[in-house]
file structure.cif (mmCIF, C-alpha atoms and all ligand atoms)
data_work
loop_
_atom_site.label_atom_id
_atom_site.label_comp_id
_atom_site.auth_asym_id
_atom_site.auth_seq_id
_atom_site.Cartn_x
_atom_site.Cartn_y
_atom_site.Cartn_z
CA MET A 20 -180.16 -72.09 15.78
CA ASP A 21 -178.02 -74.72 14.11
CA ALA A 22 -177.57 -74.51 10.34
CA ALA A 23 -179.20 -77.87 9.56
CA LEU A 24 -182.33 -76.93 11.50
CA MET A 25 -182.47 -73.51 9.84
CA ASP A 26 -182.24 -75.25 6.53
CA LYS A 27 -185.09 -77.49 7.43
CA THR A 28 -187.28 -74.60 8.54
CA GLU A 29 -186.44 -72.81 5.33
CA ASP A 30 -187.37 -75.90 3.29
CA ILE A 31 -190.72 -76.06 5.07
CA GLU A 32 -191.34 -72.40 4.35
CA LEU A 33 -190.40 -72.82 0.70
CA ARG A 34 -192.78 -75.77 0.32
CA LEU A 35 -195.56 -73.73 1.95
CA LEU A 36 -194.84 -70.83 -0.39
CA LEU A 37 -195.06 -73.06 -3.48
CA ASP A 38 -198.23 -74.58 -2.09
CA ALA A 39 -199.70 -71.11 -1.58
CA ILE A 40 -198.82 -70.12 -5.15
CA TYR A 41 -200.52 -73.27 -6.42
CA ARG A 42 -203.65 -72.87 -4.33
CA LYS A 43 -204.14 -69.20 -5.06
CA TYR A 44 -202.92 -68.91 -8.66
CA HIS A 45 -202.84 -72.51 -9.93
CA TYR A 46 -199.20 -72.24 -10.99
CA ASP A 47 -197.64 -75.50 -9.92
CA PHE A 48 -193.94 -75.45 -9.03
CA ARG A 49 -194.27 -78.09 -6.31
CA ASP A 50 -192.64 -80.74 -8.49
CA TYR A 51 -189.73 -78.70 -9.81
CA ALA A 52 -186.15 -79.61 -8.89
CA MET A 53 -185.87 -77.96 -5.48
CA ALA A 54 -182.19 -76.98 -5.48
CA SER A 55 -182.69 -74.71 -8.46
CA VAL A 56 -186.02 -73.30 -7.20
CA LYS A 57 -184.44 -72.57 -3.85
CA ARG A 58 -181.45 -70.81 -5.36
CA ARG A 59 -183.63 -68.62 -7.51
CA MET A 60 -186.15 -67.87 -4.77
CA HIS A 61 -183.27 -66.69 -2.62
CA GLN A 62 -182.60 -64.06 -5.28
CA ALA A 63 -186.29 -63.11 -5.09
CA LEU A 64 -186.04 -62.75 -1.30
CA GLU A 65 -183.26 -60.28 -1.77
CA GLN A 66 -185.06 -58.40 -4.51
CA PHE A 67 -188.25 -58.01 -2.48
CA GLY A 68 -186.47 -57.30 0.78
CA CYS A 69 -187.96 -60.28 2.63
CA ARG A 70 -186.12 -62.07 5.42
CA SER A 71 -187.89 -65.40 4.91
CA PHE A 72 -190.02 -67.36 2.47
CA SER A 73 -192.94 -66.96 4.89
CA LEU A 74 -192.74 -63.19 4.56
CA LEU A 75 -192.58 -63.56 0.79
CA GLN A 76 -195.61 -65.85 0.98
CA ASP A 77 -197.52 -63.15 2.83
CA LYS A 78 -196.71 -60.67 0.06
CA VAL A 79 -197.61 -63.07 -2.76
CA LEU A 80 -200.94 -64.00 -1.20
CA HIS A 81 -202.03 -60.41 -0.62
CA ASP A 82 -200.61 -58.63 -3.64
CA GLU A 83 -201.54 -60.14 -6.99
CA THR A 84 -199.00 -58.02 -8.85
CA MET A 85 -196.26 -60.06 -7.15
CA LEU A 86 -196.88 -63.29 -9.04
CA PRO A 87 -195.76 -62.15 -12.51
CA GLN A 88 -192.60 -60.80 -10.89
CA LEU A 89 -191.97 -64.06 -9.08
CA LEU A 90 -192.48 -66.00 -12.31
CA SER A 91 -189.36 -64.38 -13.68
CA TYR A 92 -187.45 -66.11 -10.86
CA LEU A 93 -189.31 -69.40 -11.03
CA THR A 94 -188.95 -69.87 -14.80
CA ILE A 95 -185.61 -69.74 -16.55
CA GLN A 96 -185.73 -67.93 -19.87
CA VAL A 97 -182.29 -68.64 -21.35
CA SER A 98 -182.65 -69.42 -25.05
CA GLU A 99 -181.10 -68.87 -28.47
CA MET A 100 -182.12 -69.18 -32.06
CA PHE A 101 -180.96 -72.50 -33.54
CA ARG A 102 -179.59 -73.38 -30.12
CA ASP A 103 -177.56 -76.61 -30.40
CA PRO A 104 -177.37 -76.37 -34.20
CA ALA A 105 -176.86 -80.11 -34.66
CA TYR A 106 -180.40 -80.64 -33.35
CA PHE A 107 -181.82 -78.46 -36.12
CA ARG A 108 -179.57 -80.11 -38.68
CA ALA A 109 -180.96 -83.48 -37.62
CA ILE A 110 -184.51 -82.18 -37.96
CA ARG A 111 -183.71 -80.86 -41.43
CA THR A 112 -182.00 -83.99 -42.70
CA GLN A 113 -183.73 -86.80 -40.77
CA VAL A 114 -187.16 -85.68 -39.60
CA ILE A 115 -188.28 -83.43 -42.46
CA PRO A 116 -188.19 -86.23 -45.09
CA HIS A 117 -190.79 -88.09 -42.99
CA LEU A 118 -192.90 -84.99 -42.33
CA ARG A 119 -192.88 -84.20 -46.02
CA THR A 120 -195.15 -87.21 -46.62
CA TYR A 121 -198.03 -85.61 -44.65
CA PRO A 122 -200.52 -83.28 -46.38
CA SER A 123 -200.88 -81.19 -43.20
CA LEU A 124 -198.76 -80.90 -40.09
CA LYS A 125 -199.01 -79.82 -36.49
CA VAL A 126 -195.90 -78.87 -34.54
CA TRP A 127 -195.85 -78.08 -30.81
CA VAL A 128 -193.03 -76.08 -29.23
CA ALA A 129 -193.58 -76.64 -25.51
CA GLY A 130 -191.86 -74.11 -23.22
CA CYS A 131 -191.17 -71.77 -26.12
CA SER A 132 -189.82 -68.91 -23.99
CA ALA A 133 -189.51 -65.68 -26.06
CA GLY A 134 -189.86 -67.53 -29.38
CA GLU A 135 -186.23 -68.23 -30.30
CA GLU A 136 -186.74 -71.97 -30.80
CA LEU A 137 -190.15 -71.45 -32.42
CA TYR A 138 -188.91 -69.06 -35.11
CA SER A 139 -185.91 -71.30 -35.77
CA LEU A 140 -188.35 -74.07 -36.61
CA VAL A 141 -190.62 -71.83 -38.68
CA ILE A 142 -187.61 -70.67 -40.74
CA LEU A 143 -186.44 -74.25 -41.18
CA PHE A 144 -189.92 -75.40 -42.27
CA ARG A 145 -190.13 -72.44 -44.67
CA GLU A 146 -186.80 -73.32 -46.23
CA GLU A 147 -187.95 -76.92 -46.63
CA GLY A 148 -191.23 -75.83 -48.22
CA LEU A 149 -193.43 -77.14 -45.37
CA GLU A 150 -194.44 -73.93 -43.60
CA ASP A 151 -197.68 -73.46 -45.53
CA ARG A 152 -199.03 -76.85 -44.56
CA THR A 153 -198.04 -76.54 -40.89
CA ILE A 154 -199.65 -75.07 -37.79
CA PHE A 155 -197.19 -74.29 -35.00
CA TYR A 156 -198.45 -74.29 -31.43
CA ALA A 157 -196.16 -72.32 -29.17
CA THR A 158 -196.85 -72.66 -25.45
CA ASP A 159 -195.36 -71.45 -22.19
CA ILE A 160 -196.51 -70.60 -18.66
CA ASN A 161 -194.74 -67.27 -18.64
CA ALA A 162 -197.10 -64.63 -20.08
CA ASP A 163 -194.27 -62.15 -20.44
CA ALA A 164 -192.24 -64.59 -22.54
CA LEU A 165 -195.26 -65.30 -24.76
CA LYS A 166 -195.72 -61.56 -25.34
CA LYS A 167 -192.07 -61.27 -26.31
CA ALA A 168 -192.44 -64.24 -28.64
CA GLU A 169 -195.34 -62.51 -30.38
CA ALA A 170 -193.30 -59.29 -30.64
CA ARG A 171 -190.33 -61.10 -32.33
CA LEU A 172 -187.89 -58.40 -31.24
CA TYR A 173 -184.41 -59.47 -30.08
CA SER A 174 -181.53 -57.30 -29.00
CA GLN A 175 -178.88 -56.63 -31.60
CA ASP A 176 -176.09 -58.15 -29.51
CA ARG A 177 -177.71 -61.61 -29.76
CA ILE A 178 -177.90 -61.63 -33.54
CA ALA A 179 -174.29 -62.63 -34.28
CA ASN A 180 -174.77 -65.79 -32.22
CA PHE A 181 -178.15 -66.52 -33.83
CA THR A 182 -176.50 -66.13 -37.25
CA ARG A 183 -173.63 -68.46 -36.38
CA ASN A 184 -176.07 -71.08 -35.10
CA TYR A 185 -178.25 -70.72 -38.18
CA GLN A 186 -175.31 -71.39 -40.47
CA LEU A 187 -174.14 -74.37 -38.40
CA ALA A 188 -177.69 -75.69 -38.51
CA GLY A 189 -177.54 -75.84 -42.30
CA GLY A 190 -179.47 -72.62 -43.02
CA LYS A 191 -180.12 -72.28 -46.74
CA SER A 192 -180.18 -68.51 -46.96
CA SER A 193 -178.94 -65.66 -44.80
CA LEU A 194 -180.56 -65.10 -41.40
CA SER A 195 -180.73 -61.39 -42.22
CA ASP A 196 -183.38 -62.23 -44.84
CA TYR A 197 -185.76 -62.87 -41.96
CA TYR A 198 -185.36 -59.72 -39.86
CA SER A 199 -184.95 -55.99 -40.12
CA ALA A 200 -183.47 -53.41 -37.77
CA ALA A 201 -185.99 -51.80 -35.43
CA TYR A 202 -186.14 -50.25 -31.96
CA GLY A 203 -182.39 -50.72 -31.54
CA GLY A 204 -182.66 -54.45 -32.17
CA ALA A 205 -183.73 -56.93 -34.81
CA ILE A 206 -187.38 -57.59 -35.46
CA PHE A 207 -188.19 -60.85 -37.21
CA ASP A 208 -190.59 -60.79 -40.10
CA LYS A 209 -194.28 -60.76 -39.21
CA SER A 210 -194.93 -63.43 -41.83
CA LEU A 211 -193.08 -65.94 -39.63
CA ARG A 212 -195.98 -65.69 -37.22
CA LYS A 213 -198.80 -66.30 -39.62
CA ARG A 214 -198.94 -70.06 -39.01
CA VAL A 215 -198.38 -69.80 -35.22
CA VAL A 216 -200.90 -70.16 -32.41
CA PHE A 217 -199.58 -68.89 -29.05
CA SER A 218 -201.07 -70.30 -25.91
CA ASP A 219 -200.61 -70.34 -22.16
CA HIS A 220 -200.18 -74.01 -21.31
CA SER A 221 -198.52 -75.72 -18.36
CA LEU A 222 -196.96 -79.13 -18.62
CA ALA A 223 -197.58 -79.45 -14.86
CA THR A 224 -201.33 -78.81 -14.77
CA ASP A 225 -202.83 -78.73 -18.28
CA GLU A 226 -203.98 -81.42 -20.65
CA VAL A 227 -202.99 -82.83 -24.04
CA PHE A 228 -202.85 -81.04 -27.36
CA GLY A 229 -204.17 -83.36 -30.07
CA GLU A 230 -202.62 -84.92 -33.13
CA MET A 231 -199.12 -83.46 -33.39
CA GLN A 232 -196.59 -84.84 -35.84
CA PHE A 233 -193.65 -83.18 -34.10
CA ILE A 234 -193.10 -81.86 -30.58
CA SER A 235 -189.98 -80.00 -29.49
CA CYS A 236 -189.49 -79.53 -25.76
CA ARG A 237 -185.92 -78.70 -24.87
CA ASN A 238 -184.40 -77.29 -21.70
CA VAL A 239 -187.72 -77.35 -19.88
CA MET A 240 -187.91 -80.77 -18.24
CA ILE A 241 -184.42 -80.40 -16.76
CA TYR A 242 -186.09 -78.23 -14.11
CA PHE A 243 -188.66 -80.90 -13.24
CA THR A 244 -188.54 -83.83 -10.82
CA ARG A 245 -188.84 -87.33 -12.30
CA SER A 246 -192.57 -87.56 -11.64
CA LEU A 247 -193.26 -84.24 -13.36
CA GLN A 248 -191.05 -85.29 -16.26
CA ASP A 249 -193.18 -88.41 -16.54
CA ARG A 250 -196.32 -86.31 -16.57
CA ALA A 251 -194.96 -84.10 -19.36
CA ILE A 252 -193.72 -87.04 -21.43
CA GLY A 253 -197.11 -88.71 -20.97
CA LEU A 254 -198.74 -85.56 -22.37
CA PHE A 255 -196.38 -85.64 -25.35
CA LYS A 256 -197.07 -89.31 -25.95
CA ASP A 257 -200.83 -88.72 -25.96
CA SER A 258 -200.51 -85.60 -28.12
CA LEU A 259 -198.48 -87.27 -30.87
CA THR A 260 -199.87 -89.19 -33.79
CA ASN A 261 -198.44 -92.68 -34.27
CA ASN A 262 -194.92 -92.38 -35.67
CA GLY A 263 -194.81 -88.72 -34.57
CA PHE A 264 -191.50 -87.25 -33.37
CA LEU A 265 -190.44 -85.86 -30.01
CA GLY A 266 -187.23 -83.83 -29.64
CA VAL A 267 -186.06 -83.27 -26.07
CA GLY A 268 -182.56 -81.96 -26.70
CA SER A 269 -179.16 -83.29 -25.73
CA LYS A 270 -179.44 -82.65 -21.99
CA GLU A 271 -182.56 -84.74 -21.58
CA SER A 272 -183.55 -88.31 -22.24
CA LEU A 273 -186.61 -90.55 -22.24
CA ARG A 274 -184.49 -93.43 -21.05
CA PHE A 275 -185.68 -93.49 -17.46
CA SER A 276 -189.22 -92.39 -18.15
CA LEU A 277 -192.33 -94.35 -17.36
CA HIS A 278 -193.25 -93.91 -21.02
CA SER A 279 -189.96 -94.90 -22.63
CA SER A 280 -191.43 -98.06 -24.18
CA ALA A 281 -193.87 -95.92 -26.18
CA PHE A 282 -190.94 -94.40 -28.10
CA GLU A 283 -187.95 -95.57 -30.05
CA ASP A 284 -184.68 -93.77 -30.63
CA PHE A 285 -184.75 -91.90 -33.91
CA ASP A 286 -181.62 -89.76 -33.63
CA ARG A 287 -179.82 -90.93 -30.52
CA ALA A 288 -177.26 -88.12 -30.32
CA GLU A 289 -179.82 -85.35 -30.68
CA ARG A 290 -182.38 -87.10 -28.49
CA ILE A 291 -185.09 -87.22 -31.08
CA TYR A 292 -187.59 -90.02 -30.51
CA GLN A 293 -190.35 -91.50 -32.61
CA LYS A 294 -193.59 -92.68 -31.10
CA ARG A 295 -194.14 -96.35 -31.85
CA GLY A 296 -196.94 -97.08 -34.29
CA HIS A 297 -198.82 -99.68 -32.28
CA ILE A 298 -199.28 -97.62 -29.10
C1 LIG B 301 -184.80 -72.45 -20.47
S1 LIG B 301 -186.28 -72.03 -21.33
C2 LIG B 301 -186.16 -73.04 -22.78
C3 LIG B 301 -186.55 -72.32 -24.05
C4 LIG B 301 -186.40 -73.13 -25.35
N1 LIG B 301 -187.23 -74.31 -25.32
C5 LIG B 301 -184.96 -73.50 -25.60
O1 LIG B 301 -184.59 -74.65 -25.42
O2 LIG B 301 -184.18 -72.62 -25.97
C6 LIG B 301 -187.52 -72.89 -20.37
C7 LIG B 301 -188.95 -72.44 -20.64
O3 LIG B 301 -189.86 -73.38 -20.07
C8 LIG B 301 -190.95 -72.67 -19.53
N2 LIG B 301 -191.63 -73.51 -18.53
C9 LIG B 301 -191.26 -73.74 -17.25
N3 LIG B 301 -192.17 -74.53 -16.66
C10 LIG B 301 -193.11 -74.83 -17.59
C11 LIG B 301 -194.30 -75.60 -17.57
N4 LIG B 301 -194.71 -76.21 -16.46
N5 LIG B 301 -195.03 -75.68 -18.69
C12 LIG B 301 -194.63 -75.05 -19.83
N6 LIG B 301 -193.53 -74.29 -19.91
C13 LIG B 301 -192.77 -74.18 -18.79
C14 LIG B 301 -190.31 -71.41 -18.96
O4 LIG B 301 -191.25 -70.37 -18.77
C15 LIG B 301 -189.27 -71.09 -20.04
O5 LIG B 301 -189.79 -70.22 -21.01
#

call {"tool": "encode", "arguments": {"input": "structure.cif", "output": "structure tokens", "more": "lines below"}}
Ligand SMILES: C[S@@+](CC[C@H](N)C(=O)[O-])C[C@H]1O[C@@H](n2cnc3c(N)ncnc32)[C@H](O)[C@@H]1O
result
Amino acid sequence: MDAALMDKTEDIELRLLLDAIYRKYHYDFRDYAMASVKRRMHQALEQFGCRSFSLLQDKVLHDETMLPQLLSYLTIQVSEMFRDPAYFRAIRTQVIPHLRTYPSLKVWVAGCSAGEELYSLVILFREEGLEDRTIFYATDINADALKKAEARLYSQDRIANFTRNYQLAGGKSSLSDYYSAAYGGAIFDKSLRKRVVFSDHSLATDEVFGEMQFISCRNVMIYFTRSLQDRAIGLFKDSLTNNGFLGVGSKESLRFSLHSSAFEDFDRAERIYQKRGHI
């Protein structure tokens, strides 16, 4: 069979597999950027010893233990504490002065992975004296990642990088004040979790979270098609209070979104937006 036709058959099978996952388990990857899904699902094929996506589909439909394993291929978990330190510096110097004027705050970290970005924000809010008036909502579709986030345990070899980022982000103390050595790694202080609500939430299928003053969603929408990005940004728009802030990180932008007129640039370089007051 010629390569183009094989490709086409494979694309059909992949679409059917994603459809099957959605219909049976309600996890919706149908609107994710296909090149990346395809690449990663090829790795899954190899791992599970399947010759085609149809054979993998058969396994997924008849063996419920397969889905959590497949999720580790379908969702990318790369993260760091204080990743892109300039983003956190901008939050500290530009966004916090506005947030300080509120008596109580709600912050949503959407696609929080194993908690690296979440705990970076909690530490920053603590250092700025805002932690006690804030509730942090940390959401993801990957149950395994959420469990890791609750456990707060990171391998020792990641700590040097976390520490460097923390300093570049304008950290006011020493990162080591927030963790202790345990189980061959570093466990972050339990107190960092006391203002956090963890929740399984999908930007593809679930609804709004109300009345946030700040939403951080970085390195998540890059895996989505334009229409799914629009859905997610619409959710953020409806979940923010007027004048609330949305940080999407340097690789993403609201520029081409259906909802771009609802926001104005707040920190252009760090892609932090403010929801317009009259919306
Ligand atoms: C590359 S990580 C980004 C982690 C962190 N935000 C950061 O920037 O370091 C992407 C995360 O988005 C999550 N994710 C993927 N699709 C999602 C969806 N539809 N709704 C919510 N989270 C999703 C993945 O499970 C993963 O934990």

call {"tool": "atom_distance", "arguments": {"input": "structure.cif", "atom1": "CA of Ser192 (chain A)", "atom2": "atom C15 of ligand LIG 301 (chain B)"}}
result
28.5 Å

call {"tool": "residues_near_ligand", "arguments": {"input": "structure.cif", "ligand": "ligand LIG 301 (chain B)", "cutoff": "9 Å", "atoms": "only C-alpha atoms and all ligand atoms", "output": "VMD selection string"}}
result
chain A and resid 46 to 48 51 90 to 91 93 to 103 128 to 137 158 to 165 219 to 225 235 to 243 247 251 267 to 268

call {"tool": "write_last_selection", "arguments": {"input": "structure.cif", "atoms": "C-alpha atoms", "output": "PDB file, keeping the file's coordinate frame"}}
result
ATOM      1  CA  TYR A  46    -199.200 -72.240 -10.990  1.00  0.00           C
ATOM      2  CA  ASP A  47    -197.640 -75.500  -9.920  1.00  0.00           C
ATOM      3  CA  PHE A  48    -193.940 -75.450  -9.030  1.00  0.00           C
ATOM      4  CA  TYR A  51    -189.730 -78.700  -9.810  1.00  0.00           C
ATOM      5  CA  LEU A  90    -192.480 -66.000 -12.310  1.00  0.00           C
ATOM      6  CA  SER A  91    -189.360 -64.380 -13.680  1.00  0.00           C
ATOM      7  CA  LEU A  93    -189.310 -69.400 -11.030  1.00  0.00           C
ATOM      8  CA  THR A  94    -188.950 -69.870 -14.800  1.00  0.00           C
ATOM      9  CA  ILE A  95    -185.610 -69.740 -16.550  1.00  0.00           C
ATOM     10  CA  GLN A  96    -185.730 -67.930 -19.870  1.00  0.00           C
ATOM     11  CA  VAL A  97    -182.290 -68.640 -21.350  1.00  0.00           C
ATOM     12  CA  SER A  98    -182.650 -69.420 -25.050  1.00  0.00           C
ATOM     13  CA  GLU A  99    -181.100 -68.870 -28.470  1.00  0.00           C
ATOM     14  CA  MET A 100    -182.120 -69.180 -32.060  1.00  0.00           C
ATOM     15  CA  PHE A 101    -180.960 -72.500 -33.540  1.00  0.00           C
ATOM     16  CA  ARG A 102    -179.590 -73.380 -30.120  1.00  0.00           C
ATOM     17  CA  ASP A 103    -177.560 -76.610 -30.400  1.00  0.00           C
ATOM     18  CA  VAL A 128    -193.030 -76.080 -29.230  1.00  0.00           C
ATOM     19  CA  ALA A 129    -193.580 -76.640 -25.510  1.00  0.00           C
ATOM     20  CA  GLY A 130    -191.860 -74.110 -23.220  1.00  0.00           C
ATOM     21  CA  CYS A 131    -191.170 -71.770 -26.120  1.00  0.00           C
ATOM     22  CA  SER A 132    -189.820 -68.910 -23.990  1.00  0.00           C
ATOM     23  CA  ALA A 133    -189.510 -65.680 -26.060  1.00  0.00           C
ATOM     24  CA  GLY A 134    -189.860 -67.530 -29.380  1.00  0.00           C
ATOM     25  CA  GLU A 135    -186.230 -68.230 -30.300  1.00  0.00           C
ATOM     26  CA  GLU A 136    -186.740 -71.970 -30.800  1.00  0.00           C
ATOM     27  CA  LEU A 137    -190.150 -71.450 -32.420  1.00  0.00           C
ATOM     28  CA  THR A 158    -196.850 -72.660 -25.450  1.00  0.00           C
ATOM     29  CA  ASP A 159    -195.360 -71.450 -22.190  1.00  0.00           C
ATOM     30  CA  ILE A 160    -196.510 -70.600 -18.660  1.00  0.00           C
ATOM     31  CA  ASN A 161    -194.740 -67.270 -18.640  1.00  0.00           C
ATOM     32  CA  ALA A 162    -197.100 -64.630 -20.080  1.00  0.00           C
ATOM     33  CA  ASP A 163    -194.270 -62.150 -20.440  1.00  0.00           C
ATOM     34  CA  ALA A 164    -192.240 -64.590 -22.540  1.00  0.00           C
ATOM     35  CA  LEU A 165    -195.260 -65.300 -24.760  1.00  0.00           C
ATOM     36  CA  ASP A 219    -200.610 -70.340 -22.160  1.00  0.00           C
ATOM     37  CA  HIS A 220    -200.180 -74.010 -21.310  1.00  0.00           C
ATOM     38  CA  SER A 221    -198.520 -75.720 -18.360  1.00  0.00           C
ATOM     39  CA  LEU A 222    -196.960 -79.130 -18.620  1.00  0.00           C
ATOM     40  CA  ALA A 223    -197.580 -79.450 -14.860  1.00  0.00           C
ATOM     41  CA  THR A 224    -201.330 -78.810 -14.770  1.00  0.00           C
ATOM     42  CA  ASP A 225    -202.830 -78.730 -18.280  1.00  0.00           C
ATOM     43  CA  SER A 235    -189.980 -80.000 -29.490  1.00  0.00           C
ATOM     44  CA  CYS A 236    -189.490 -79.530 -25.760  1.00  0.00           C
ATOM     45  CA  ARG A 237    -185.920 -78.700 -24.870  1.00  0.00           C
ATOM     46  CA  ASN A 238    -184.400 -77.290 -21.700  1.00  0.00           C
ATOM     47  CA  VAL A 239    -187.720 -77.350 -19.880  1.00  0.00           C
ATOM     48  CA  MET A 240    -187.910 -80.770 -18.240  1.00  0.00           C
ATOM     49  CA  ILE A 241    -184.420 -80.400 -16.760  1.00  0.00           C
ATOM     50  CA  TYR A 242    -186.090 -78.230 -14.110  1.00  0.00           C
ATOM     51  CA  PHE A 243    -188.660 -80.900 -13.240  1.00  0.00           C
ATOM     52  CA  LEU A 247    -193.260 -84.240 -13.360  1.00  0.00           C
ATOM     53  CA  ALA A 251    -194.960 -84.100 -19.360  1.00  0.00           C
ATOM     54  CA  VAL A 267    -186.060 -83.270 -26.070  1.00  0.00           C
ATOM     55  CA  GLY A 268    -182.560 -81.960 -26.700  1.00  0.00           C
TER      56      GLY A 268
END

call {"tool": "atom_distance", "arguments": {"input": "structure.cif", "atom1": "CA of Met53 (chain A)", "atom2": "CA of Lys166 (chain A)"}}
result
27.6 Å

call {"tool": "residues_around", "arguments": {"input": "structure.cif", "residues": "Ile234 (chain A)", "least_positions_apart": "6", "cutoff": "9 Å", "atoms": "only C-alpha atoms", "output": "PyMOL selection string"}}
result
chain A and resi 125-129+255+258-259+263-267

call {"tool": "residues_around", "arguments": {"input": "structure.cif", "residues": "Phe282 (chain A)", "least_positions_apart": "3", "cutoff": "12 Å", "atoms": "all atoms listed in the file", "output": "number ranges by chain"}}
result
A: 252-253, 255-257, 259-266, 272-279, 285-287, 290-298

call {"tool": "closest_residue", "arguments": {"input": "structure.cif", "among": "A:Tyr106, A:Asp26, A:Arg245, A:Ala281", "to": "Asp50 (chain A)", "atoms": "all atoms listed in the file"}}
result
A:Arg245

call {"tool": "atom_distance", "arguments": {"input": "structure.cif", "atom1": "CA of Thr112 (chain A)", "atom2": "CA of Val215 (chain A)"}}
result
22.9 Å

call {"tool": "residues_near_point", "arguments": {"input": "structure.cif", "point": "(-184.3, -62.4, -10.7)", "cutoff": "9 Å", "atoms": "only C-alpha atoms", "output": "ChimeraX atom specification"}}
result
/A:59-60,62-63,66,88-89,91-93

call {"tool": "closest_residue", "arguments": {"input": "structure.cif", "among": "A:Leu149, A:Ile142, A:Ile40, A:Ala105", "to": "Ser210 (chain A)", "atoms": "all atoms listed in the file"}}
result
A:Ile142

call {"tool": "axis_aligned_box", "arguments": {"input": "structure.cif", "around": "region 219-224 of chain A", "padding_each_side": "4 Å", "output": "JSON"}}
result
{"center_x": -199.1, "center_y": -74.9, "center_z": -18.5, "size_x": 12.4, "size_y": 17.1, "size_z": 15.4}

call {"tool": "residues_around", "arguments": {"input": "structure.cif", "residues": "Leu74 (chain A)", "least_positions_apart": "4", "cutoff": "10 Å", "atoms": "all atoms listed in the file", "output": "list in words"}}
result
Glu32, Leu36, Leu64, Phe67, Gly68, Cys69, Arg70, Lys78 and Val79 of chain A

call {"tool": "residues_around", "arguments": {"input": "structure.cif", "residues": "Arg111 (chain A)", "least_positions_apart": "6", "cutoff": "9 Å", "atoms": "all atoms listed in the file", "output": "ChimeraX atom specification"}}
result
/A:143-144,147,188-189

call {"tool": "decode", "arguments": {"input": "structure.cif", "residues": "region 98-111 of chain A", "atoms": "N, CA and C atoms", "output": "compact mmCIF listing (two decimals), in the first residue's frame"}}
result
# COMPACT_ATOMS: atom_id res chain seq x y z
N SER A 98 7.29 20.09 33.51
CA SER A 98 7.07 21.31 34.30
C SER A 98 8.28 21.59 35.16
N GLU A 99 8.29 22.76 35.77
CA GLU A 99 9.38 23.16 36.67
C GLU A 99 8.82 24.13 37.68
N MET A 100 9.45 24.23 38.82
CA MET A 100 9.08 25.32 39.72
C MET A 100 9.62 26.63 39.17
N PHE A 101 8.85 27.68 39.28
CA PHE A 101 9.23 29.02 38.81
C PHE A 101 9.74 28.98 37.36
N ARG A 102 9.10 28.10 36.59
CA ARG A 102 9.46 27.96 35.18
C ARG A 102 9.25 29.31 34.48
N ASP A 103 10.18 29.71 33.64
CA ASP A 103 10.19 31.05 33.04
C ASP A 103 10.13 32.10 34.16
N PRO A 104 11.23 32.27 34.87
CA PRO A 104 11.23 33.12 36.07
C PRO A 104 10.70 34.53 35.85
N ALA A 105 10.89 35.07 34.64
CA ALA A 105 10.43 36.44 34.39
C ALA A 105 8.91 36.55 34.54
N TYR A 106 8.22 35.46 34.26
CA TYR A 106 6.75 35.45 34.43
C TYR A 106 6.40 35.67 35.90
N PHE A 107 7.11 34.96 36.78
CA PHE A 107 6.82 35.08 38.21
C PHE A 107 7.26 36.44 38.74
N ARG A 108 8.35 36.96 38.15
CA ARG A 108 8.79 38.29 38.57
C ARG A 108 7.72 39.33 38.19
N ALA A 109 7.14 39.15 37.02
CA ALA A 109 6.09 40.09 36.58
C ALA A 109 4.87 39.97 37.49
N ILE A 110 4.54 38.76 37.90
CA ILE A 110 3.40 38.60 38.82
C ILE A 110 3.71 39.34 40.12
N ARG A 111 4.93 39.13 40.62
CA ARG A 111 5.31 39.74 41.89
C ARG A 111 5.27 41.28 41.81
